[in-house]
$ cat run28.pdb   # PDB, C-alpha atoms
ATOM      1  CA  MET T   1       5.075  -2.419  12.668  1.00  0.00           C
ATOM      2  CA  ASN T   2       6.852   0.908  12.760  1.00  0.00           C
ATOM      3  CA  ARG T   3       8.991   2.150   9.896  1.00  0.00           C
ATOM      4  CA  HIS T   4      12.339   1.287  11.520  1.00  0.00           C
ATOM      5  CA  GLU T   5      11.190  -2.312  12.123  1.00  0.00           C
ATOM      6  CA  TYR T   6      10.027  -2.454   8.506  1.00  0.00           C
ATOM      7  CA  PHE T   7      13.429  -1.273   7.271  1.00  0.00           C
ATOM      8  CA  LYS T   8      15.141  -3.929   9.397  1.00  0.00           C
ATOM      9  CA  LEU T   9      13.341  -6.594   7.371  1.00  0.00           C
ATOM     10  CA  PHE T  10      15.622  -5.545   4.501  1.00  0.00           C
ATOM     11  CA  HIS T  11      18.741  -4.118   6.134  1.00  0.00           C
ATOM     12  CA  ASP T  12      19.536  -3.164   9.702  1.00  0.00           C
ATOM     13  CA  ILE T  13      20.455   0.511   9.583  1.00  0.00           C
ATOM     14  CA  ASN T  14      21.698   2.167  12.739  1.00  0.00           C
ATOM     15  CA  THR T  15      19.902   4.988  14.528  1.00  0.00           C
ATOM     16  CA  ALA T  16      22.084   7.711  12.991  1.00  0.00           C
ATOM     17  CA  ASP T  17      21.342   6.526   9.433  1.00  0.00           C
ATOM     18  CA  TYR T  18      17.661   6.074  10.262  1.00  0.00           C
ATOM     19  CA  ASP T  19      17.508   9.636  11.602  1.00  0.00           C
ATOM     20  CA  LEU T  20      19.364  10.933   8.536  1.00  0.00           C
ATOM     21  CA  LEU T  21      16.776   9.301   6.295  1.00  0.00           C
ATOM     22  CA  THR T  22      13.662  10.236   8.272  1.00  0.00           C
ATOM     23  CA  LYS T  23      14.586  13.897   8.692  1.00  0.00           C
ATOM     24  CA  ASN T  24      14.367  14.132   4.868  1.00  0.00           C
ATOM     25  CA  LEU T  25      10.811  12.757   4.741  1.00  0.00           C
ATOM     26  CA  LYS T  26       7.810  14.981   4.128  1.00  0.00           C
ATOM     27  CA  SER T  27       4.113  14.199   4.555  1.00  0.00           C
ATOM     28  CA  LYS T  28       1.414  14.159   1.910  1.00  0.00           C
ATOM     29  CA  SER T  29      -2.128  12.856   1.708  1.00  0.00           C
ATOM     30  CA  PHE T  30      -4.432  11.987  -1.157  1.00  0.00           C
ATOM     31  CA  LYS T  31      -8.169  11.362  -1.313  1.00  0.00           C
ATOM     32  CA  LYS T  32      -9.842   8.237  -2.635  1.00  0.00           C
ATOM     33  CA  GLY T  33      -9.707   8.381  -6.444  1.00  0.00           C
ATOM     34  CA  ASP T  34      -6.759  10.800  -6.614  1.00  0.00           C
ATOM     35  CA  PHE T  35      -3.992   9.979  -9.058  1.00  0.00           C
ATOM     36  CA  ILE T  36      -0.462   9.917  -7.679  1.00  0.00           C
ATOM     37  CA  THR T  37       1.108   9.363 -11.105  1.00  0.00           C
ATOM     38  CA  VAL T  38      -0.364   9.200 -14.608  1.00  0.00           C
ATOM     39  CA  PRO T  39       1.125   7.987 -17.906  1.00  0.00           C
ATOM     40  CA  GLY T  40       3.676  10.450 -19.254  1.00  0.00           C
ATOM     41  CA  GLN T  41       4.452  11.885 -15.812  1.00  0.00           C
ATOM     42  CA  ILE T  42       7.808  11.261 -14.135  1.00  0.00           C
ATOM     43  CA  GLN T  43       7.549   9.924 -10.578  1.00  0.00           C
ATOM     44  CA  ARG T  44       9.732  12.308  -8.575  1.00  0.00           C
ATOM     45  CA  GLU T  45       8.674  11.107  -5.104  1.00  0.00           C
ATOM     46  CA  LEU T  46       9.057   7.731  -3.418  1.00  0.00           C
ATOM     47  CA  TYR T  47       6.212   7.167  -0.966  1.00  0.00           C
ATOM     48  CA  PHE T  48       6.129   5.238   2.293  1.00  0.00           C
ATOM     49  CA  VAL T  49       2.510   4.261   2.871  1.00  0.00           C
ATOM     50  CA  LYS T  50       1.218   5.262   6.314  1.00  0.00           C
ATOM     51  CA  SER T  51      -2.453   4.507   5.587  1.00  0.00           C
ATOM     52  CA  GLY T  52      -4.701   3.551   2.713  1.00  0.00           C
ATOM     53  CA  VAL T  53      -4.586   1.301  -0.334  1.00  0.00           C
ATOM     54  CA  GLN T  54      -3.196   2.232  -3.736  1.00  0.00           C
ATOM     55  CA  MET T  55      -3.260   0.517  -7.112  1.00  0.00           C
ATOM     56  CA  SER T  56      -1.064   0.653 -10.195  1.00  0.00           C
ATOM     57  CA  TYR T  57      -2.689  -0.247 -13.498  1.00  0.00           C
ATOM     58  CA  PHE T  58      -2.820   0.381 -17.225  1.00  0.00           C
ATOM     59  CA  GLU T  59      -5.640   0.512 -19.738  1.00  0.00           C
ATOM     60  CA  ALA T  60      -5.614  -1.625 -22.907  1.00  0.00           C
ATOM     61  CA  GLU T  61      -8.394  -2.824 -25.187  1.00  0.00           C
ATOM     62  CA  ASN T  62     -10.995  -1.034 -23.034  1.00  0.00           C
ATOM     63  CA  LYS T  63      -9.925  -3.027 -19.982  1.00  0.00           C
ATOM     64  CA  THR T  64      -8.171  -2.129 -16.752  1.00  0.00           C
ATOM     65  CA  HIS T  65      -5.132  -4.321 -16.081  1.00  0.00           C
ATOM     66  CA  VAL T  66      -4.075  -4.161 -12.421  1.00  0.00           C
ATOM     67  CA  ILE T  67      -0.350  -4.500 -11.803  1.00  0.00           C
ATOM     68  CA  ALA T  68      -0.062  -4.114  -8.037  1.00  0.00           C
ATOM     69  CA  PHE T  69      -1.631  -2.931  -4.803  1.00  0.00           C
ATOM     70  CA  THR T  70       0.286  -1.097  -2.089  1.00  0.00           C
ATOM     71  CA  TYR T  71      -0.608  -0.545   1.564  1.00  0.00           C
ATOM     72  CA  PRO T  72       1.194   0.060   4.890  1.00  0.00           C
ATOM     73  CA  PRO T  73       4.061  -0.241   5.571  1.00  0.00           C
ATOM     74  CA  ASN T  74       5.175  -0.742   1.969  1.00  0.00           C
ATOM     75  CA  LEU T  75       6.719   1.571  -0.583  1.00  0.00           C
ATOM     76  CA  CYS T  76       4.502   3.098  -3.242  1.00  0.00           C
ATOM     77  CA  ALA T  77       5.726   4.289  -6.644  1.00  0.00           C
ATOM     78  CA  ILE T  78       5.963   3.447 -10.308  1.00  0.00           C
ATOM     79  CA  PRO T  79       9.344   1.722  -9.810  1.00  0.00           C
ATOM     80  CA  GLU T  80      10.889   2.252 -13.219  1.00  0.00           C
ATOM     81  CA  SER T  81       9.671   5.848 -13.465  1.00  0.00           C
ATOM     82  CA  PHE T  82      11.137   6.732 -10.068  1.00  0.00           C
ATOM     83  CA  SER T  83      14.377   4.744 -10.396  1.00  0.00           C
ATOM     84  CA  PHE T  84      15.257   5.948 -13.892  1.00  0.00           C
ATOM     85  CA  GLN T  85      13.373   9.282 -13.832  1.00  0.00           C
ATOM     86  CA  ILE T  86      11.495   8.423 -17.018  1.00  0.00           C
ATOM     87  CA  PRO T  87       7.828   8.989 -17.894  1.00  0.00           C
ATOM     88  CA  SER T  88       5.444   6.453 -16.418  1.00  0.00           C
ATOM     89  CA  LYS T  89       3.652   4.051 -18.735  1.00  0.00           C
ATOM     90  CA  TYR T  90       0.790   3.479 -16.307  1.00  0.00           C
ATOM     91  CA  PHE T  91      -1.352   4.900 -13.517  1.00  0.00           C
ATOM     92  CA  LEU T  92      -0.878   4.954  -9.755  1.00  0.00           C
ATOM     93  CA  THR T  93      -4.080   5.874  -7.917  1.00  0.00           C
ATOM     94  CA  CYS T  94      -5.538   5.825  -4.417  1.00  0.00           C
ATOM     95  CA  LEU T  95      -8.331   3.330  -3.808  1.00  0.00           C
ATOM     96  CA  THR T  96      -8.921   4.819  -0.356  1.00  0.00           C
ATOM     97  CA  ASP T  97      -7.936   8.028   1.381  1.00  0.00           C
ATOM     98  CA  SER T  98      -4.184   7.652   1.832  1.00  0.00           C
ATOM     99  CA  GLU T  99      -1.415   9.194   3.906  1.00  0.00           C
ATOM    100  CA  PHE T 100       2.256   9.000   3.028  1.00  0.00           C
ATOM    101  CA  GLU T 101       5.690  10.116   3.936  1.00  0.00           C
ATOM    102  CA  TYR T 102       7.882  10.670   0.910  1.00  0.00           C
ATOM    103  CA  ILE T 103      11.335  11.546  -0.239  1.00  0.00           C
ATOM    104  CA  LEU T 104      12.286  13.290  -3.467  1.00  0.00           C
ATOM    105  CA  PHE T 105      14.460  11.421  -5.956  1.00  0.00           C
ATOM    106  CA  ASP T 106      17.278  14.003  -5.784  1.00  0.00           C
ATOM    107  CA  ASP T 107      17.259  13.985  -1.966  1.00  0.00           C
ATOM    108  CA  LEU T 108      17.469  10.191  -1.923  1.00  0.00           C
ATOM    109  CA  GLN T 109      20.450  10.251  -4.284  1.00  0.00           C
ATOM    110  CA  LEU T 110      22.238  12.665  -1.922  1.00  0.00           C
ATOM    111  CA  LEU T 111      21.520  10.303   0.987  1.00  0.00           C
ATOM    112  CA  PHE T 112      23.018   7.434  -0.989  1.00  0.00           C
ATOM    113  CA  ASP T 113      26.226   9.463  -1.286  1.00  0.00           C
ATOM    114  CA  LYS T 114      26.240  10.127   2.474  1.00  0.00           C
ATOM    115  CA  SER T 115      25.377   6.656   3.740  1.00  0.00           C
ATOM    116  CA  GLN T 116      26.289   3.261   2.341  1.00  0.00           C
ATOM    117  CA  ALA T 117      23.780   1.711   4.782  1.00  0.00           C
ATOM    118  CA  ILE T 118      20.884   3.751   3.369  1.00  0.00           C
ATOM    119  CA  GLU T 119      21.929   2.897  -0.174  1.00  0.00           C
ATOM    120  CA  ARG T 120      22.122  -0.790   0.761  1.00  0.00           C
ATOM    121  CA  LEU T 121      18.673  -0.585   2.420  1.00  0.00           C
ATOM    122  CA  PHE T 122      17.072   0.779  -0.733  1.00  0.00           C
ATOM    123  CA  ARG T 123      18.930  -1.667  -2.954  1.00  0.00           C
ATOM    124  CA  ARG T 124      17.552  -4.540  -0.895  1.00  0.00           C
ATOM    125  CA  MET T 125      14.060  -3.054  -0.909  1.00  0.00           C
ATOM    126  CA  THR T 126      14.293  -2.728  -4.700  1.00  0.00           C
ATOM    127  CA  GLU T 127      15.479  -6.330  -4.960  1.00  0.00           C
ATOM    128  CA  ALA T 128      12.450  -7.416  -2.909  1.00  0.00           C
ATOM    129  CA  VAL T 129      10.133  -5.547  -5.296  1.00  0.00           C
ATOM    130  CA  LEU T 130      11.828  -7.241  -8.258  1.00  0.00           C
ATOM    131  CA  ALA T 131      11.544 -10.679  -6.645  1.00  0.00           C
ATOM    132  CA  GLY T 132       7.875 -10.015  -5.896  1.00  0.00           C
ATOM    133  CA  MET T 133       7.180  -9.054  -9.503  1.00  0.00           C
ATOM    134  CA  ILE T 134       8.920 -12.206 -10.754  1.00  0.00           C
ATOM    135  CA  ASN T 135       6.930 -14.367  -8.326  1.00  0.00           C
ATOM    136  CA  ARG T 136       3.699 -12.705  -9.437  1.00  0.00           C
ATOM    137  CA  HIS T 137       4.594 -13.375 -13.087  1.00  0.00           C
ATOM    138  CA  ILE T 138       5.223 -17.037 -12.255  1.00  0.00           C
ATOM    139  CA  GLU T 139       1.915 -17.239 -10.344  1.00  0.00           C
ATOM    140  CA  LEU T 140      -0.011 -15.803 -13.299  1.00  0.00           C
ATOM    141  CA  HIS T 141       1.508 -18.299 -15.721  1.00  0.00           C
ATOM    142  CA  SER T 142       1.819 -21.467 -13.649  1.00  0.00           C
ATOM    143  CA  MET T 143      -1.042 -21.519 -11.160  1.00  0.00           C
ATOM    144  CA  ARG T 144      -4.670 -22.364 -11.706  1.00  0.00           C
ATOM    145  CA  ILE T 145      -7.202 -19.638 -10.913  1.00  0.00           C
ATOM    146  CA  GLU T 146      -8.121 -21.094  -7.519  1.00  0.00           C
ATOM    147  CA  GLU T 147      -4.449 -21.355  -6.505  1.00  0.00           C
ATOM    148  CA  ARG T 148      -3.857 -17.707  -7.472  1.00  0.00           C
ATOM    149  CA  TYR T 149      -6.888 -16.671  -5.429  1.00  0.00           C
ATOM    150  CA  LYS T 150      -5.760 -18.653  -2.362  1.00  0.00           C
ATOM    151  CA  THR T 151      -2.238 -17.231  -2.600  1.00  0.00           C
ATOM    152  CA  PHE T 152      -3.652 -13.703  -2.800  1.00  0.00           C
ATOM    153  CA  CYS T 153      -5.906 -14.337   0.204  1.00  0.00           C
ATOM    154  CA  GLN T 154      -2.974 -15.642   2.249  1.00  0.00           C
ATOM    155  CA  ARG T 155      -0.762 -12.688   1.306  1.00  0.00           C
ATOM    156  CA  SER T 156      -3.295  -9.839   1.525  1.00  0.00           C
ATOM    157  CA  PRO T 157      -6.630 -11.000   3.016  1.00  0.00           C
ATOM    158  CA  HIS T 158      -7.575  -7.491   4.187  1.00  0.00           C
ATOM    159  CA  LEU T 159      -7.770  -6.281   0.574  1.00  0.00           C
ATOM    160  CA  LEU T 160     -10.898  -8.389   0.023  1.00  0.00           C
ATOM    161  CA  GLN T 161     -12.735  -5.874   2.223  1.00  0.00           C
ATOM    162  CA  LEU T 162     -11.002  -2.719   0.969  1.00  0.00           C
ATOM    163  CA  VAL T 163     -10.605  -3.143  -2.791  1.00  0.00           C
ATOM    164  CA  PRO T 164     -13.416  -3.471  -5.343  1.00  0.00           C
ATOM    165  CA  HIS T 165     -13.497  -7.103  -6.409  1.00  0.00           C
ATOM    166  CA  LYS T 166     -13.276  -6.165 -10.099  1.00  0.00           C
ATOM    167  CA  HIS T 167      -9.748  -4.853  -9.398  1.00  0.00           C
ATOM    168  CA  ILE T 168      -8.714  -7.999  -7.527  1.00  0.00           C
ATOM    169  CA  ALA T 169     -10.112 -10.096 -10.389  1.00  0.00           C
ATOM    170  CA  SER T 170      -8.019  -8.084 -12.854  1.00  0.00           C
ATOM    171  CA  TYR T 171      -4.933  -8.469 -10.658  1.00  0.00           C
ATOM    172  CA  LEU T 172      -5.448 -12.236 -10.561  1.00  0.00           C
ATOM    173  CA  GLY T 173      -6.117 -12.442 -14.295  1.00  0.00           C
ATOM    174  CA  VAL T 174      -9.654 -13.822 -13.916  1.00  0.00           C
ATOM    175  CA  ASP T 175     -12.987 -12.489 -15.121  1.00  0.00           C
ATOM    176  CA  ARG T 176     -15.426 -11.011 -12.605  1.00  0.00           C
ATOM    177  CA  THR T 177     -17.835 -13.957 -12.763  1.00  0.00           C
ATOM    178  CA  ASN T 178     -15.129 -16.490 -11.942  1.00  0.00           C
ATOM    179  CA  PHE T 179     -13.827 -14.237  -9.184  1.00  0.00           C
ATOM    180  CA  SER T 180     -17.307 -14.004  -7.671  1.00  0.00           C
ATOM    181  CA  LYS T 181     -17.593 -17.799  -7.711  1.00  0.00           C
ATOM    182  CA  LEU T 182     -14.191 -18.128  -6.019  1.00  0.00           C
ATOM    183  CA  PHE T 183     -15.072 -15.515  -3.428  1.00  0.00           C
ATOM    184  CA  ASN T 184     -18.280 -17.309  -2.525  1.00  0.00           C
ATOM    185  CA  LYS T 185     -16.804 -20.836  -2.662  1.00  0.00           C
ATOM    186  CA  VAL T 186     -13.293 -20.595  -1.191  1.00  0.00           C
ATOM    187  CA  LYS T 187     -13.315 -19.434   2.444  1.00  0.00           C
ATOM    188  CA  PHE T 188     -10.407 -18.344   4.611  1.00  0.00           C
TER
END
$ encode --input "run28.pdb" --output "structure tokens"
Amino acid sequence: MNRHEYFKLFHDINTADYDLLTKNLKSKSFKKGDFITVPGQIQRELYFVKSGVQMSYFEAENKTHVIAFTYPPNLCAIPESFSFQIPSKYFLTCLTDSEFEYILFDDLQLLFDKSQAIERLFRRMTEAVLAGMINRHIELHSMRIEERYKTFCQRSPHLLQLVPHKHIASYLGVDRTNFSKLFNKVKF
């Protein structure tokens, strides 16, 4: 799916608005293990993932707590840090070599002033992120472990081959042993 098709999933912007947005994008790449954002840093760039897998997480009580994974064609950022230009409370790192296109916060704000369609596109994309976070919260609190695992496998089966299983276990809120049992027992 190309970027314009991806945008149309949220809001159908015309060619002129699409060109206005894309001419402001720059390219950047990171290596596996590179940090995109660390706690205390303000996320100044909103990334469009072209390749690779990224993970947001925080550390507490000597444990890694995975919040989210990103991969093409999704957005990648610490949402509240980027949206409100405040210091991040957690990490955003690359699990694989990753390529992005990005736009700076200030440039995006200028585009919002120029194009209601671009502003509406990003509002709808932000709403989708919010809805996804709410659904994930519900999954963590209302589904049994096996149901969470099956839902994850239906949504992002390719991550089972790309992401260390300890990170997926953390994301699902299960210990590594139970994750290993699920991985070996439940087939897709």
$ resolve_selection --input "run28.pdb" --expression "the PyMOL selection byres ((chain T and resi 37) around 9)" --output "PyMOL selection string"
chain T and resi 35-36+38-43+77-78+88+90-93
$ resolve_selection --input "run28.pdb" --expression "the PyMOL selection byres ((chain T and resi 69-75) around 8)" --output "PDB file with C-alpha atoms, in the frame of the given file"
ATOM      1  CA  MET T   1       5.075  -2.419  12.668  1.00  0.00           C
ATOM      2  CA  ASN T   2       6.852   0.908  12.760  1.00  0.00           C
ATOM      3  CA  ARG T   3       8.991   2.150   9.896  1.00  0.00           C
ATOM      4  CA  TYR T   6      10.027  -2.454   8.506  1.00  0.00           C
ATOM      5  CA  LEU T  46       9.057   7.731  -3.418  1.00  0.00           C
ATOM      6  CA  TYR T  47       6.212   7.167  -0.966  1.00  0.00           C
ATOM      7  CA  PHE T  48       6.129   5.238   2.293  1.00  0.00           C
ATOM      8  CA  VAL T  49       2.510   4.261   2.871  1.00  0.00           C
ATOM      9  CA  LYS T  50       1.218   5.262   6.314  1.00  0.00           C
ATOM     10  CA  SER T  51      -2.453   4.507   5.587  1.00  0.00           C
ATOM     11  CA  GLY T  52      -4.701   3.551   2.713  1.00  0.00           C
ATOM     12  CA  VAL T  53      -4.586   1.301  -0.334  1.00  0.00           C
ATOM     13  CA  GLN T  54      -3.196   2.232  -3.736  1.00  0.00           C
ATOM     14  CA  MET T  55      -3.260   0.517  -7.112  1.00  0.00           C
ATOM     15  CA  SER T  56      -1.064   0.653 -10.195  1.00  0.00           C
ATOM     16  CA  ILE T  67      -0.350  -4.500 -11.803  1.00  0.00           C
ATOM     17  CA  ALA T  68      -0.062  -4.114  -8.037  1.00  0.00           C
ATOM     18  CA  CYS T  76       4.502   3.098  -3.242  1.00  0.00           C
ATOM     19  CA  ALA T  77       5.726   4.289  -6.644  1.00  0.00           C
TER      20      ALA T  77
END
$ resolve_selection --input "run28.pdb" --expression "the PyMOL selection byres ((chain T and resi 119) around 12)" --output "ChimeraX atom specification"
/T:10-13,17-18,21,108-118,120-126
$ write_last_selection --input "run28.pdb" --atoms "C-alpha atoms" --output "PDB file, in the coordinates of the input"
ATOM      1  CA  PHE T  10      15.622  -5.545   4.501  1.00  0.00           C
ATOM      2  CA  HIS T  11      18.741  -4.118   6.134  1.00  0.00           C
ATOM      3  CA  ASP T  12      19.536  -3.164   9.702  1.00  0.00           C
ATOM      4  CA  ILE T  13      20.455   0.511   9.583  1.00  0.00           C
ATOM      5  CA  ASP T  17      21.342   6.526   9.433  1.00  0.00           C
ATOM      6  CA  TYR T  18      17.661   6.074  10.262  1.00  0.00           C
ATOM      7  CA  LEU T  21      16.776   9.301   6.295  1.00  0.00           C
ATOM      8  CA  LEU T 108      17.469  10.191  -1.923  1.00  0.00           C
ATOM      9  CA  GLN T 109      20.450  10.251  -4.284  1.00  0.00           C
ATOM     10  CA  LEU T 110      22.238  12.665  -1.922  1.00  0.00           C
ATOM     11  CA  LEU T 111      21.520  10.303   0.987  1.00  0.00           C
ATOM     12  CA  PHE T 112      23.018   7.434  -0.989  1.00  0.00           C
ATOM     13  CA  ASP T 113      26.226   9.463  -1.286  1.00  0.00           C
ATOM     14  CA  LYS T 114      26.240  10.127   2.474  1.00  0.00           C
ATOM     15  CA  SER T 115      25.377   6.656   3.740  1.00  0.00           C
ATOM     16  CA  GLN T 116      26.289   3.261   2.341  1.00  0.00           C
ATOM     17  CA  ALA T 117      23.780   1.711   4.782  1.00  0.00           C
ATOM     18  CA  ILE T 118      20.884   3.751   3.369  1.00  0.00           C
ATOM     19  CA  ARG T 120      22.122  -0.790   0.761  1.00  0.00           C
ATOM     20  CA  LEU T 121      18.673  -0.585   2.420  1.00  0.00           C
ATOM     21  CA  PHE T 122      17.072   0.779  -0.733  1.00  0.00           C
ATOM     22  CA  ARG T 123      18.930  -1.667  -2.954  1.00  0.00           C
ATOM     23  CA  ARG T 124      17.552  -4.540  -0.895  1.00  0.00           C
ATOM     24  CA  MET T 125      14.060  -3.054  -0.909  1.00  0.00           C
ATOM     25  CA  THR T 126      14.293  -2.728  -4.700  1.00  0.00           C
TER      26      THR T 126
END
$ closest_residue --input "run28.pdb" --among "T:Val66, T:Leu160, T:Ile138, T:Leu9" --to "Gly173 (chain T)" --atoms "only C-alpha atoms"
T:Val66
$ closest_residue --input "run28.pdb" --among "T:Cys94, T:Ile103, T:Val129, T:Ile145" --to "Ser29 (chain T)" --atoms "all atoms listed in the file"
T:Cys94
$ residues_around --input "run28.pdb" --residues "region 166-171 of chain T" --least-positions-apart "6" --cutoff "12 Å" --atoms "only C-alpha atoms" --output "count of residues only"
36
$ atom_distance --input "run28.pdb" --atom1 "CA of Lys185 (chain T)" --atom2 "CA of Ser142 (chain T)"
21.6 Å
$ closest_residue --input "run28.pdb" --among "T:Met143, T:Leu172, T:Pro87, T:His165" --to "Asn184 (chain T)" --atoms "only C-alpha atoms"
T:His165
$ residues_around --input "run28.pdb" --residues "Lys28 (chain T)" --least-positions-apart "3" --cutoff "8 Å" --atoms "all atoms listed in the file" --output "list in words"
Glu99, Phe100, Glu101 and Tyr102 of chain T
$ atom_distance --input "run28.pdb" --atom1 "CA of Arg44 (chain T)" --atom2 "CA of Arg155 (chain T)"
28.9 Å
$ atom_distance --input "run28.pdb" --atom1 "CA of Ile86 (chain T)" --atom2 "CA of His141 (chain T)"
28.6 Å
$ build_atoms --input "run28.pdb" --residues "region 165-177 of chain T" --atoms "N, CA and C atoms" --output "PDB file, keeping the file's coordinate frame"
ATOM      1  N   HIS T 165     -13.855  -5.764  -5.933  1.00  0.00           N
ATOM      2  CA  HIS T 165     -13.497  -7.103  -6.409  1.00  0.00           C
ATOM      3  C   HIS T 165     -13.124  -7.128  -7.888  1.00  0.00           C
ATOM      4  N   LYS T 166     -13.656  -6.200  -8.681  1.00  0.00           N
ATOM      5  CA  LYS T 166     -13.276  -6.165 -10.099  1.00  0.00           C
ATOM      6  C   LYS T 166     -11.777  -5.907 -10.253  1.00  0.00           C
ATOM      7  N   HIS T 167     -11.189  -5.125  -9.330  1.00  0.00           N
ATOM      8  CA  HIS T 167      -9.748  -4.853  -9.398  1.00  0.00           C
ATOM      9  C   HIS T 167      -8.935  -6.075  -8.969  1.00  0.00           C
ATOM     10  N   ILE T 168      -9.409  -6.782  -7.954  1.00  0.00           N
ATOM     11  CA  ILE T 168      -8.714  -7.999  -7.527  1.00  0.00           C
ATOM     12  C   ILE T 168      -8.795  -9.045  -8.636  1.00  0.00           C
ATOM     13  N   ALA T 169      -9.963  -9.154  -9.277  1.00  0.00           N
ATOM     14  CA  ALA T 169     -10.112 -10.096 -10.389  1.00  0.00           C
ATOM     15  C   ALA T 169      -9.109  -9.770 -11.490  1.00  0.00           C
ATOM     16  N   SER T 170      -8.979  -8.489 -11.827  1.00  0.00           N
ATOM     17  CA  SER T 170      -8.019  -8.084 -12.854  1.00  0.00           C
ATOM     18  C   SER T 170      -6.599  -8.436 -12.428  1.00  0.00           C
ATOM     19  N   TYR T 171      -6.263  -8.160 -11.184  1.00  0.00           N
ATOM     20  CA  TYR T 171      -4.933  -8.469 -10.658  1.00  0.00           C
ATOM     21  C   TYR T 171      -4.625  -9.958 -10.779  1.00  0.00           C
ATOM     22  N   LEU T 172      -5.639 -10.784 -10.518  1.00  0.00           N
ATOM     23  CA  LEU T 172      -5.448 -12.236 -10.561  1.00  0.00           C
ATOM     24  C   LEU T 172      -5.568 -12.807 -11.970  1.00  0.00           C
ATOM     25  N   GLY T 173      -5.979 -11.976 -12.920  1.00  0.00           N
ATOM     26  CA  GLY T 173      -6.117 -12.442 -14.295  1.00  0.00           C
ATOM     27  C   GLY T 173      -7.331 -13.340 -14.490  1.00  0.00           C
ATOM     28  N   VAL T 174      -8.417 -13.054 -13.765  1.00  0.00           N
ATOM     29  CA  VAL T 174      -9.654 -13.822 -13.916  1.00  0.00           C
ATOM     30  C   VAL T 174     -10.797 -12.861 -14.222  1.00  0.00           C
ATOM     31  N   ASP T 175     -11.853 -13.373 -14.871  1.00  0.00           N
ATOM     32  CA  ASP T 175     -12.987 -12.489 -15.121  1.00  0.00           C
ATOM     33  C   ASP T 175     -13.812 -12.351 -13.843  1.00  0.00           C
ATOM     34  N   ARG T 176     -14.667 -11.333 -13.813  1.00  0.00           N
ATOM     35  CA  ARG T 176     -15.426 -11.011 -12.605  1.00  0.00           C
ATOM     36  C   ARG T 176     -16.328 -12.155 -12.161  1.00  0.00           C
ATOM     37  N   THR T 177     -16.933 -12.856 -13.107  1.00  0.00           N
ATOM     38  CA  THR T 177     -17.835 -13.957 -12.763  1.00  0.00           C
ATOM     39  C   THR T 177     -17.084 -15.066 -12.051  1.00  0.00           C
TER      40      THR T 177
END
